[in-house]
Each structure stands twice: as structure tokens, then as C-alpha cells.
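J.: Got a structure for you, data-v6.pdb, holding PDB, C-alpha atoms.
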MODEL        1
ATOM      1  CA  MET A   1      19.769   4.696   9.196
ATOM      2  CA  ARG A   2      23.404   5.245   8.344
ATOM      3  CA  ARG A   3      25.264   4.550   5.169
ATOM      4  CA  ARG A   4      28.866   3.380   4.937
ATOM      5  CA  ARG A   5      30.953   2.489   1.917
ATOM      6  CA  ASP A   6      32.333  -1.029   2.018
ATOM      7  CA  ARG A   7      34.056  -3.233  -0.523
ATOM      8  CA  ASN A   8      31.924  -6.163   0.588
ATOM      9  CA  CYS A   9      28.564  -4.409   0.362
ATOM     10  CA  GLY A  10      25.584  -6.089  -1.248
ATOM     11  CA  CYS A  11      24.666  -5.510  -4.861
ATOM     12  CA  ALA A  12      21.249  -4.534  -6.200
ATOM     13  CA  SER A  13      21.246  -6.310  -9.564
ATOM     14  CA  PRO A  14      20.796  -5.560 -12.415
ATOM     15  CA  LEU A  15      22.171  -2.226 -11.323
ATOM     16  CA  CYS A  16      25.514  -4.035 -11.029
ATOM     17  CA  GLN A  17      26.829  -3.304 -14.504
ATOM     18  CA  LYS A  18      30.519  -2.586 -15.053
ATOM     19  CA  LYS A  19      29.780   0.321 -17.339
ATOM     20  CA  THR A  20      27.188   1.883 -15.033
ATOM     21  CA  LYS A  21      28.060   5.407 -14.006
ATOM     22  CA  ARG A  22      24.721   6.575 -12.723
ATOM     23  CA  LEU A  23      24.078   6.551  -8.975
ATOM     24  CA  TYR A  24      20.627   5.354  -7.960
ATOM     25  CA  PRO A  25      18.782   6.592  -4.858
ATOM     26  CA  ILE A  26      17.432   3.759  -2.690
ATOM     27  CA  HIS A  27      14.925   4.676   0.029
ATOM     28  CA  LEU A  28      14.483   2.284   2.959
ATOM     29  CA  TYR A  29      12.249   2.293   6.026
ATOM     30  CA  HIS A  30      11.108  -0.167   8.683
ATOM     31  CA  THR A  31       9.701  -0.535  12.180
ATOM     32  CA  SER A  32      11.532  -0.038  15.446
ATOM     33  CA  ALA A  33      12.629  -2.953  17.628
ATOM     34  CA  ALA A  34       9.190  -2.678  19.229
ATOM     35  CA  GLY A  35       7.457  -3.098  15.860
ATOM     36  CA  GLU A  36       6.352   0.538  15.529
ATOM     37  CA  TYR A  37       6.660   2.717  12.424
ATOM     38  CA  LYS A  38       5.877   6.051  14.131
ATOM     39  CA  PRO A  39       5.583   7.925  10.791
ATOM     40  CA  THR A  40       5.643  11.716  10.747
ATOM     41  CA  ASP A  41       2.770  11.508   8.250
ATOM     42  CA  PRO A  42       0.175   9.054   9.662
ATOM     43  CA  ASN A  43      -0.988   8.241   6.111
ATOM     44  CA  ASP A  44       2.462   7.473   4.727
ATOM     45  CA  GLU A  45       4.495   4.679   6.319
ATOM     46  CA  SER A  46       7.547   5.681   4.284
ATOM     47  CA  THR A  47       7.921   8.609   6.691
ATOM     48  CA  ALA A  48       8.598   6.123   9.503
ATOM     49  CA  ARG A  49      11.036   7.299  12.173
ATOM     50  CA  LEU A  50      13.555   4.738  10.915
ATOM     51  CA  ASN A  51      13.974   5.709   7.290
ATOM     52  CA  GLY A  52      16.735   6.858   5.034
ATOM     53  CA  THR A  53      17.958   7.217   1.460
ATOM     54  CA  VAL A  54      21.253   5.875   0.166
ATOM     55  CA  LEU A  55      22.928   6.195  -3.243
ATOM     56  CA  THR A  56      24.373   3.163  -4.979
ATOM     57  CA  ASP A  57      27.958   3.263  -6.065
ATOM     58  CA  GLU A  58      28.893   2.912  -9.747
ATOM     59  CA  LYS A  59      28.433  -0.861  -9.534
ATOM     60  CA  GLY A  60      24.979  -0.629  -8.014
ATOM     61  CA  ARG A  61      26.088  -1.526  -4.486
ATOM     62  CA  VAL A  62      24.928  -0.090  -1.187
ATOM     63  CA  PHE A  63      25.820  -0.702   2.432
ATOM     64  CA  VAL A  64      23.199   0.005   5.074
ATOM     65  CA  GLN A  65      23.665  -0.269   8.813
ATOM     66  CA  THR A  66      20.521  -0.311  10.959
ATOM     67  CA  ILE A  67      18.682  -2.459  13.527
ATOM     68  CA  LEU A  68      16.586  -5.596  13.098
ATOM     69  CA  PRO A  69      12.941  -4.519  12.634
ATOM     70  CA  GLY A  70      10.569  -5.686  15.344
ATOM     71  CA  ASP A  71       7.460  -7.839  15.121
ATOM     72  CA  TYR A  72       4.012  -6.351  14.781
ATOM     73  CA  GLY A  73       0.598  -7.698  13.974
ATOM     74  CA  ARG A  74      -0.279 -11.346  14.467
ATOM     75  CA  SER A  75       1.959 -12.984  11.905
ATOM     76  CA  ALA A  76       5.426 -14.502  12.115
ATOM     77  CA  ASP A  77       6.164 -13.024   8.688
ATOM     78  CA  ASN A  78       6.231  -9.396   9.658
ATOM     79  CA  ARG A  79       9.875  -8.399  10.062
ATOM     80  CA  HIS A  80      10.933  -6.697   6.875
ATOM     81  CA  ILE A  81      12.529  -3.615   5.365
ATOM     82  CA  HIS A  82      10.667  -1.641   2.743
ATOM     83  CA  THR A  83      12.886  -0.635  -0.170
ATOM     84  CA  THR A  84      12.054   1.803  -2.955
ATOM     85  CA  VAL A  85      14.273   1.932  -6.056
ATOM     86  CA  LYS A  86      13.870   5.098  -8.090
ATOM     87  CA  ASP A  87      13.228   4.568 -11.820
ATOM     88  CA  ALA A  88      12.391   0.883 -11.438
ATOM     89  CA  ARG A  89       8.991  -0.446 -12.513
ATOM     90  CA  PRO A  90       7.699  -1.327  -9.962
ATOM     91  CA  GLU A  91       9.633   0.764  -7.466
ATOM     92  CA  ALA A  92       8.808  -1.125  -4.259
ATOM     93  CA  TYR A  93      10.749  -4.186  -3.017
ATOM     94  CA  ASP A  94      10.530  -5.727   0.455
ATOM     95  CA  ILE A  95      13.400  -7.488   2.216
ATOM     96  CA  HIS A  96      12.309 -10.260   4.597
ATOM     97  CA  PHE A  97      14.481 -12.443   6.799
ATOM     98  CA  LYS A  98      14.754 -16.201   6.429
ATOM     99  CA  GLN A  99      15.021 -16.736  10.177
ATOM    100  CA  TYR A 100      11.781 -14.834  10.824
ATOM    101  CA  THR A 101       9.602 -16.066   7.987
ATOM    102  CA  GLY A 102       7.240 -19.027   8.179
ATOM    103  CA  LYS A 103       6.356 -21.520   5.457
ATOM    104  CA  MET A 104       3.358 -19.522   4.194
ATOM    105  CA  GLY A 105       5.413 -16.355   4.020
ATOM    106  CA  SER A 106       8.252 -18.145   2.222
ATOM    107  CA  ARG A 107       5.876 -19.518  -0.395
ATOM    108  CA  PHE A 108       4.478 -16.054  -1.024
ATOM    109  CA  ILE A 109       7.960 -14.507  -1.291
ATOM    110  CA  ASN A 110       9.174 -17.200  -3.682
ATOM    111  CA  ARG A 111       6.235 -16.433  -5.996
ATOM    112  CA  SER A 112       6.728 -12.687  -5.850
ATOM    113  CA  ASP A 113       9.190 -10.588  -7.821
ATOM    114  CA  GLN A 114       8.988  -7.760  -5.279
ATOM    115  CA  HIS A 115       9.849  -9.688  -2.106
ATOM    116  CA  PHE A 116      13.230 -11.152  -1.180
ATOM    117  CA  LEU A 117      14.564 -13.347   1.629
ATOM    118  CA  ALA A 118      17.806 -12.382   3.349
ATOM    119  CA  ASP A 119      19.765 -14.984   5.295
ATOM    120  CA  LEU A 120      21.121 -13.399   8.472
ATOM    121  CA  LYS A 121      24.566 -14.425   9.713
ATOM    122  CA  GLN A 122      25.920 -13.514  13.137
ATOM    123  CA  THR A 123      29.477 -12.249  13.488
ATOM    124  CA  LYS A 124      31.768 -12.841  16.470
ATOM    125  CA  ASP A 125      30.803  -9.469  17.911
ATOM    126  CA  SER A 126      27.077 -10.398  17.657
ATOM    127  CA  LEU A 127      26.297  -8.256  14.624
ATOM    128  CA  LEU A 128      23.711  -9.616  12.179
ATOM    129  CA  VAL A 129      24.878  -9.364   8.573
ATOM    130  CA  ALA A 130      23.127 -10.157   5.298
ATOM    131  CA  PHE A 131      24.324  -9.840   1.714
ATOM    132  CA  LEU A 132      21.480  -9.766  -0.756
ATOM    133  CA  THR A 133      21.002  -9.245  -4.489
ATOM    134  CA  LEU A 134      17.772  -7.469  -5.423
ATOM    135  CA  GLU A 135      16.608  -8.208  -8.938
ATOM    136  CA  VAL A 136      15.218  -4.820  -9.829
ATOM    137  CA  LYS A 137      12.706  -4.927 -12.667
ATOM    138  CA  ASN A 138      12.426  -3.111 -15.991
ATOM    139  CA  MET A 139      15.828  -1.475 -15.948
ATOM    140  CA  GLN A 140      17.920  -3.869 -18.048
ATOM    141  CA  GLY A 141      19.247  -2.634 -21.352
ATOM    142  CA  LYS A 142      17.190   0.548 -21.252
ATOM    143  CA  LYS A 143      18.173   4.127 -21.044
ATOM    144  CA  LEU A 144      16.631   5.170 -17.796
ATOM    145  CA  VAL A 145      14.461   8.233 -17.708
ATOM    146  CA  SER A 146      13.722  10.015 -14.473
ATOM    147  CA  ALA A 147      10.395   8.870 -13.082
ATOM    148  CA  PRO A 148       7.549  11.383 -12.955
ATOM    149  CA  THR A 149       7.167  13.034  -9.597
ATOM    150  CA  LEU A 150       4.645  11.290  -7.377
ATOM    151  CA  PRO A 151       1.859  13.346  -5.787
ATOM    152  CA  GLU A 152       2.863  14.722  -2.389
ATOM    153  CA  CYS A 153      -0.068  13.002  -0.697
ATOM    154  CA  SER A 154       0.224   9.230  -0.714
ATOM    155  CA  TRP A 155      -3.528   8.683  -0.230
ATOM    156  CA  CYS A 156      -5.187  11.078  -2.703
ATOM    157  CA  GLY A 157      -6.505  10.332  -6.188
ATOM    158  CA  ALA A 158      -9.656  12.361  -6.798
ATOM    159  CA  ASN A 159      -7.873  14.760  -9.169
ATOM    160  CA  GLU A 160      -6.962  11.798 -11.389
ATOM    161  CA  ALA A 161     -10.584  10.865 -12.033
ATOM    162  CA  PRO A 162     -11.791  10.584 -15.657
ATOM    163  CA  ALA A 163     -13.990  13.349 -17.041
ATOM    164  CA  LYS A 164     -17.158  11.256 -17.242
ATOM    165  CA  LEU A 165     -18.285   9.611 -14.037
ATOM    166  CA  SER A 166     -21.288   7.585 -12.953
ATOM    167  CA  TRP A 167     -22.618   6.700  -9.517
ATOM    168  CA  GLU A 168     -21.830   3.047 -10.360
ATOM    169  CA  THR A 169     -18.483   1.813 -11.627
ATOM    170  CA  THR A 170     -16.124  -1.177 -11.760
ATOM    171  CA  ILE A 171     -12.773  -1.522 -10.008
ATOM    172  CA  ALA A 172     -12.076  -5.174 -10.831
ATOM    173  CA  GLY A 173     -13.491  -6.766 -13.969
ATOM    174  CA  LYS A 174     -14.493 -10.403 -14.331
ATOM    175  CA  LYS A 175     -10.984 -11.421 -15.390
ATOM    176  CA  VAL A 176      -9.467 -10.241 -12.120
ATOM    177  CA  GLU A 177      -9.005 -13.173  -9.747
ATOM    178  CA  GLY A 178     -10.844 -13.022  -6.442
ATOM    179  CA  GLU A 179     -14.218 -13.264  -4.722
ATOM    180  CA  ARG A 180     -16.686 -10.858  -6.303
ATOM    181  CA  LEU A 181     -17.721  -7.929  -4.115
ATOM    182  CA  ILE A 182     -20.121  -4.992  -4.413
ATOM    183  CA  LEU A 183     -19.376  -2.061  -2.124
ATOM    184  CA  GLU A 184     -22.229   0.436  -2.135
ATOM    185  CA  GLY A 185     -23.779   3.020   0.105
ATOM    186  CA  THR A 186     -25.169   6.506   0.592
ATOM    187  CA  VAL A 187     -23.296   9.726   1.263
ATOM    188  CA  TYR A 188     -25.152  12.296   3.379
ATOM    189  CA  GLU A 189     -24.718  16.014   3.826
ATOM    190  CA  ARG A 190     -23.358  17.347   7.099
ATOM    191  CA  ASP A 191     -26.805  17.118   8.714
ATOM    192  CA  GLY A 192     -26.610  13.330   8.445
ATOM    193  CA  HIS A 193     -29.993  13.070   6.707
ATOM    194  CA  THR A 194     -29.929  14.841   3.335
ATOM    195  CA  PRO A 195     -28.470  12.742   0.473
ATOM    196  CA  ALA A 196     -25.299  14.341  -0.881
ATOM    197  CA  GLU A 197     -25.206  14.627  -4.669
ATOM    198  CA  ASN A 198     -22.128  14.967  -6.898
ATOM    199  CA  VAL A 199     -19.658  13.753  -4.285
ATOM    200  CA  LEU A 200     -16.625  12.154  -5.933
ATOM    201  CA  VAL A 201     -15.783   8.902  -4.126
ATOM    202  CA  TYR A 202     -12.341   7.466  -4.852
ATOM    203  CA  ALA A 203     -11.633   3.859  -3.814
ATOM    204  CA  TYR A 204      -8.615   1.553  -4.134
ATOM    205  CA  HIS A 205      -7.472  -1.703  -2.564
ATOM    206  CA  THR A 206      -5.169  -4.726  -2.753
ATOM    207  CA  ASN A 207      -5.693  -7.821  -4.897
ATOM    208  CA  HIS A 208      -6.624 -11.314  -3.676
ATOM    209  CA  GLU A 209      -3.076 -11.785  -2.356
ATOM    210  CA  GLY A 210      -2.926  -8.540  -0.399
ATOM    211  CA  VAL A 211      -0.737  -6.685  -2.904
ATOM    212  CA  TYR A 212      -1.383  -3.347  -4.616
ATOM    213  CA  GLU A 213      -0.986  -4.943  -8.014
ATOM    214  CA  LYS A 214       0.348  -2.897 -10.904
ATOM    215  CA  LYS A 215       0.439  -3.379 -14.666
ATOM    216  CA  GLY A 216       3.406  -1.055 -15.161
ATOM    217  CA  ASN A 217       1.624   1.737 -17.045
ATOM    218  CA  GLU A 218       0.102   3.463 -14.033
ATOM    219  CA  THR A 219       0.288   7.227 -13.690
ATOM    220  CA  GLY A 220      -0.117   9.577 -10.732
ATOM    221  CA  ASN A 221      -0.916   7.802  -7.503
ATOM    222  CA  GLY A 222      -1.769   4.702  -9.479
ATOM    223  CA  ARG A 223       1.956   4.043  -9.141
ATOM    224  CA  ARG A 224       1.308   3.666  -5.422
ATOM    225  CA  HIS A 225      -2.228   2.311  -5.368
ATOM    226  CA  GLY A 226      -2.040  -0.028  -8.356
ATOM    227  CA  TYR A 227      -4.714  -0.559 -10.987
ATOM    228  CA  LEU A 228      -7.453  -1.763  -8.631
ATOM    229  CA  ARG A 229      -8.948   1.685  -8.181
ATOM    230  CA  ALA A 230     -11.885   3.682  -9.514
ATOM    231  CA  TRP A 231     -14.040   6.769  -9.064
ATOM    232  CA  ALA A 232     -17.788   7.207  -8.626
ATOM    233  CA  LYS A 233     -19.930  10.350  -8.345
ATOM    234  CA  THR A 234     -22.985  10.109  -6.123
ATOM    235  CA  ASN A 235     -26.423  10.532  -7.741
ATOM    236  CA  ARG A 236     -29.407  12.528  -6.480
ATOM    237  CA  GLU A 237     -30.030   9.934  -3.793
ATOM    238  CA  GLY A 238     -26.409  10.170  -2.664
ATOM    239  CA  LYS A 239     -25.776   6.608  -3.870
ATOM    240  CA  TYR A 240     -22.464   5.127  -5.017
ATOM    241  CA  ARG A 241     -21.560   1.577  -6.019
ATOM    242  CA  PHE A 242     -18.274  -0.197  -6.809
ATOM    243  CA  HIS A 243     -18.081  -3.630  -8.471
ATOM    244  CA  THR A 244     -14.821  -5.280  -7.481
ATOM    245  CA  ILE A 245     -13.248  -8.206  -5.613
ATOM    246  CA  LYS A 246     -12.808  -8.775  -1.911
ATOM    247  CA  PRO A 247      -9.290  -7.554  -1.068
ATOM    248  CA  ALA A 248      -6.938  -9.670   1.001
ATOM    249  CA  PRO A 249      -4.981  -8.329   3.982
ATOM    250  CA  TYR A 250      -1.320  -7.481   3.495
ATOM    251  CA  PRO A 251       0.919 -10.575   3.240
ATOM    252  CA  ASN A 252       2.279  -9.914   6.738
ATOM    253  CA  HIS A 253      -1.301  -9.759   8.077
ATOM    254  CA  SER A 254      -0.486  -6.564   9.957
ATOM    255  CA  GLU A 255      -3.848  -4.951   9.184
ATOM    256  CA  PRO A 256      -7.403  -6.061   8.451
ATOM    257  CA  ALA A 257      -8.405  -6.467   4.809
ATOM    258  CA  HIS A 258      -9.610  -3.040   3.714
ATOM    259  CA  ILE A 259     -10.675  -0.648   0.971
ATOM    260  CA  HIS A 260      -9.294   2.892   1.023
ATOM    261  CA  MET A 261     -11.735   5.725   0.263
ATOM    262  CA  THR A 262     -11.601   9.490  -0.176
ATOM    263  CA  LEU A 263     -14.290  12.123  -0.775
ATOM    264  CA  LYS A 264     -14.298  15.378  -2.737
ATOM    265  CA  ARG A 265     -16.780  17.913  -4.072
ATOM    266  CA  THR A 266     -16.600  21.456  -5.419
ATOM    267  CA  ASP A 267     -17.336  22.867  -1.955
ATOM    268  CA  PHE A 268     -14.614  20.920  -0.119
ATOM    269  CA  ASP A 269     -11.157  19.514  -0.862
ATOM    270  CA  GLU A 270     -10.398  15.816  -1.065
ATOM    271  CA  TYR A 271      -9.991  14.110   2.277
ATOM    272  CA  TRP A 272      -9.618  10.505   3.402
ATOM    273  CA  ILE A 273     -11.856   8.508   5.682
ATOM    274  CA  ASN A 274     -10.928   5.402   7.648
ATOM    275  CA  ALA A 275     -10.666   2.416   5.354
ATOM    276  CA  THR A 276     -13.610   0.058   4.997
ATOM    277  CA  TRP A 277     -13.165  -3.119   7.064
ATOM    278  CA  PHE A 278     -15.262  -6.294   7.037
ATOM    279  CA  LYS A 279     -17.057  -7.837   9.999
ATOM    280  CA  GLY A 280     -15.628 -11.141  11.124
ATOM    281  CA  ASP A 281     -12.020 -10.179  10.380
ATOM    282  CA  GLU A 282     -10.050 -11.423  13.400
ATOM    283  CA  ARG A 283      -7.398  -8.767  12.825
ATOM    284  CA  ILE A 284      -9.786  -6.034  13.948
ATOM    285  CA  THR A 285      -9.145  -5.267  17.607
ATOM    286  CA  GLU A 286     -10.980  -3.061  20.084
ATOM    287  CA  GLU A 287      -7.906  -0.864  20.378
ATOM    288  CA  MET A 288      -7.781  -0.320  16.615
ATOM    289  CA  THR A 289     -11.464   0.587  16.554
ATOM    290  CA  GLN A 290     -11.075   3.070  19.407
ATOM    291  CA  ASN A 291      -8.216   4.837  17.580
ATOM    292  CA  LEU A 292     -10.316   5.606  14.481
ATOM    293  CA  THR A 293     -10.935   9.303  13.962
ATOM    294  CA  ARG A 294     -12.515   9.545  10.488
ATOM    295  CA  THR A 295     -15.219   6.903  10.251
ATOM    296  CA  GLY A 296     -17.551   9.180   8.298
ATOM    297  CA  GLY A 297     -20.276   9.277  10.936
ATOM    298  CA  PHE A 298     -20.974   5.535  10.850
ATOM    299  CA  SER A 299     -18.938   2.428  11.567
ATOM    300  CA  ASN A 300     -16.268   1.719   8.968
ATOM    301  CA  THR A 301     -16.701  -2.031   9.576
ATOM    302  CA  ILE A 302     -19.414  -3.408   7.333
ATOM    303  CA  ALA A 303     -21.251  -6.724   7.177
ATOM    304  CA  LEU A 304     -21.055  -8.747   3.962
ATOM    305  CA  LYS A 305     -23.874 -10.901   2.618
ATOM    306  CA  GLN A 306     -23.931 -12.995  -0.532
ATOM    307  CA  ASN A 307     -26.612 -12.322  -3.129
ATOM    308  CA  GLU A 308     -28.241 -14.879  -5.437
ATOM    309  CA  LYS A 309     -25.194 -14.794  -7.727
ATOM    310  CA  GLY A 310     -22.778 -15.565  -4.909
ATOM    311  CA  THR A 311     -21.384 -12.009  -4.903
ATOM    312  CA  TRP A 312     -20.557 -10.453  -1.559
ATOM    313  CA  VAL A 313     -22.484  -7.215  -0.973
ATOM    314  CA  GLY A 314     -21.660  -4.632   1.687
ATOM    315  CA  GLN A 315     -23.084  -1.195   2.427
ATOM    316  CA  ARG A 316     -21.272   1.736   3.950
ATOM    317  CA  LYS A 317     -23.062   4.969   4.805
ATOM    318  CA  ILE A 318     -20.977   8.137   5.058
ATOM    319  CA  ILE A 319     -21.648  11.624   6.405
ATOM    320  CA  ILE A 320     -19.634  14.455   4.866
ATOM    321  CA  HIS A 321     -17.280  15.847   7.482
ATOM    322  CA  PRO A 322     -14.151  17.434   5.969
ATOM    323  CA  PRO A 323     -11.344  17.861   8.518
ATOM    324  CA  LYS A 324     -10.669  21.344   9.819
ATOM    325  CA  GLU A 325      -7.573  22.978   8.423
TER     326      GLU A 325
ENDMDL
END
Hey, can you dump this file as C-alpha cells for me?

T.:
Amino acid sequence: MRRRRDRNCGCASPLCQKKTKRLYPIHLYHTSAAGEYKPTDPNDESTARLNGTVLTDEKGRVFVQTILPGDYGRSADNRHIHTTVKDARPEAYDIHFKQYTGKMGSRFINRSDQHFLADLKQTKDSLLVAFLTLEVKNMQGKKLVSAPTLPECSWCGANEAPAKLSWETTIAGKKVEGERLILEGTVYERDGHTPAENVLVYAYHTNHEGVYEKKGNETGNGRRHGYLRAWAKTNREGKYRFHTIKPAPYPNHSEPAHIHMTLKRTDFDEYWINATWFKGDERITEEMTQNLTRTGGFSNTIALKQNEKGTWVGQRKIIIHPPKE
């Protein structure tokens, strides 16, 4: 991406304040024309090949010149540019395009304060141009303080676990909207048979709308993962159990609905395993399954059954297999 100063550039309000003198870094990234991110870090889409950071001017304006992101996934609502505004709460804002967004996507965007629709106009020399005002949250009338540094790894979270842990814990309480779900299972030692005790299992996922929902007071990687996250420590039988809700796929339906998980114990560092998917999800393709490299010794796609209370219950078995350095 390239940046160019322009008197007619768009304004990211409420950064547009006449007395503003601070320059704000805005990080943007998106797919190629073929719909591919090609990140340098496979666990962090923000390292996509097409990414860049631009500073606002004193009126909060930026000008960005790039290409139109390509389609990916199975949805018509999947052309967008990810935008991160430093010191905002939340930091993440997505720019979608009116001409490439269906009715369902438009309804979602209109209800969201982190998604915006840009109306593309074509110039005489065939350039697509959009001027857009982003209503950045929690910055008005406040003296901004530099945000705490995020952890280098976008996926980790074991080191943020509370001191006291149980093999059974709750991610989403009864007041959280969504279909109730119990994710449980057994972690085995490297031999695949012996139950693994005292393994810290970290799990996080989206809400019922496919968003990593935040309350605004998150710390550490909670600022990325949202508040729907928790930690469990396996018991003598290697058991763990999370009480939560069934997550929804991302609004653009680019991936199956999933629950992220990592493992850690005193004898090995935290590492991630392929996210837990659910059988019957039409977004799961054979190609995606073949590309998995960290399933944990068993399939990462689990079957869900409803118990007598109407709660979905799924079991995922895992064999400890830390990646080689």
C-alpha cells in the first residue's frame, strides 16, 4: 500500500478536530485481487502481503491508494479492508463496499459500530474512489494515552491465565446470547494413551454473530480475542470442560465456525492446535481439511449432540505434540 497526501482525502472522525495536533497511526491490510491474504505469519492475518501503516494528518485525514480486495470464501460480503486505529477502543474497524455487499451483510454492518460501507465511484480514467468517515470509538474529549503493547503472538493467552484453575470452567455465562455449548475432552501424553494431567488449555471464540466481542476493559490478548475466553487445567484423567455458547462463523463466512485452543504445561511452551470445527458445517472443505497440520492427533471436527437440557455437547480428544523449534 502507498500513502499520498491529498487535500480531498477522507477523514477518520472524530479524529477530525481542528485543534488536533497528534498524528495517529492507522494500519490497514486486505486480500489480493485473487482473494488471498498470504500472511508472513500464518496465525496473524494482519501480516498479509498487502498491508501498510499510514499516519493521519493534523485533521485526522489519510489518503490510501491500493487495489480492490478480491473475493474469498462463499459469501458475497467478503471484500473488505481491515483497519486498526491505535488508541481507539476497540481498535479494529472493517471497511466494506456497497457494490459488493448483499442485504444480509448490509444489515449486519448497519447494526455494527466497527463495520462501515464505502460507496465506490469510478473516475474517467477507471479508478475506483471512495471517501469515508470512520466513527472511531472512545476517543472523544479524552486525553489519549498510548495503548499497552499487545503480545507479539496474536494467538497466545496461556500466560494470562488466573492463578487458580479447575478442569471445568465457563467461557460464556447464561446472560450471553447464543446456543448453549459444552466443549469437553481428554488430553493425552505423547504416547496417545496416558491421560495428561496439569495441561493448561486456553480457548476463545466469537459470539453468536461471529464477532470477537469486547467489553472495553480487556487486557493482554483479550484485546484481540475479546471476553469470550477462558482457561482450564486438566485433572488426573486428563479431562477438561468449557461451558460456553456455539460460536458463529465470521460475518463474511470465510471460515467455518470455530473455537481456538492452545496448550501449555511446565515441560513445554504454549502452542496452538487447529481450531475446533463442527460437523455439518458446509464451509468445511476437503482442501481445508487436507491442509491442517496441528489437529492434535485426532480430527479437529467434532460432532455435536444435544443433552436433556437442550445444550449442545461436543468432545475433542487431543494428544500432546508440541511443534519442533

J.: Which is closer to A:Gln315 than all the others in A:Thr276, A:Asn78, A:Thr234, A:Asn291, using all atoms listed in the file?

T.: A:Thr276

J.: Calculated over all atoms listed in the file, which of the candidates A:Leu23, A:Thr244, A:Ser32, A:Val187 has the smallest distance to A:Lys175?

T.: A:Thr244

J.: Pick from A:His27, A:Arg180, A:Arg229, A:Lys317: nearest to A:Pro162, with all atoms listed in the file counted?

T.: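 Closest to A:Pro162 of all the choices is A:Arg229.
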
J.: Write out as a PyMOL selection string which residues come within 12 Å of stretch 250-252 of chain A when counting all atoms listed in the file, dropping same-chain ones fewer than 5 positions away.

T.: chain A and resi 71-80+94+96+100-102+104-109+112+115+205-213+257-259+283

J.: Just the residues within 12 Å of A:Lys174, please, counting all atoms listed in the file, with nothing from its chain fewer than 5 positions along; format it as a PDB file with C-alpha atoms, keeping the file's coordinate frame.

T.:
ATOM      1  CA  GLU A 179     -14.218 -13.264  -4.722  1.00  0.00           C
ATOM      2  CA  ARG A 180     -16.686 -10.858  -6.303  1.00  0.00           C
ATOM      3  CA  LEU A 181     -17.721  -7.929  -4.115  1.00  0.00           C
ATOM      4  CA  HIS A 243     -18.081  -3.630  -8.471  1.00  0.00           C
ATOM      5  CA  THR A 244     -14.821  -5.280  -7.481  1.00  0.00           C
ATOM      6  CA  ILE A 245     -13.248  -8.206  -5.613  1.00  0.00           C
ATOM      7  CA  THR A 311     -21.384 -12.009  -4.903  1.00  0.00           C
TER       8      THR A 311
END
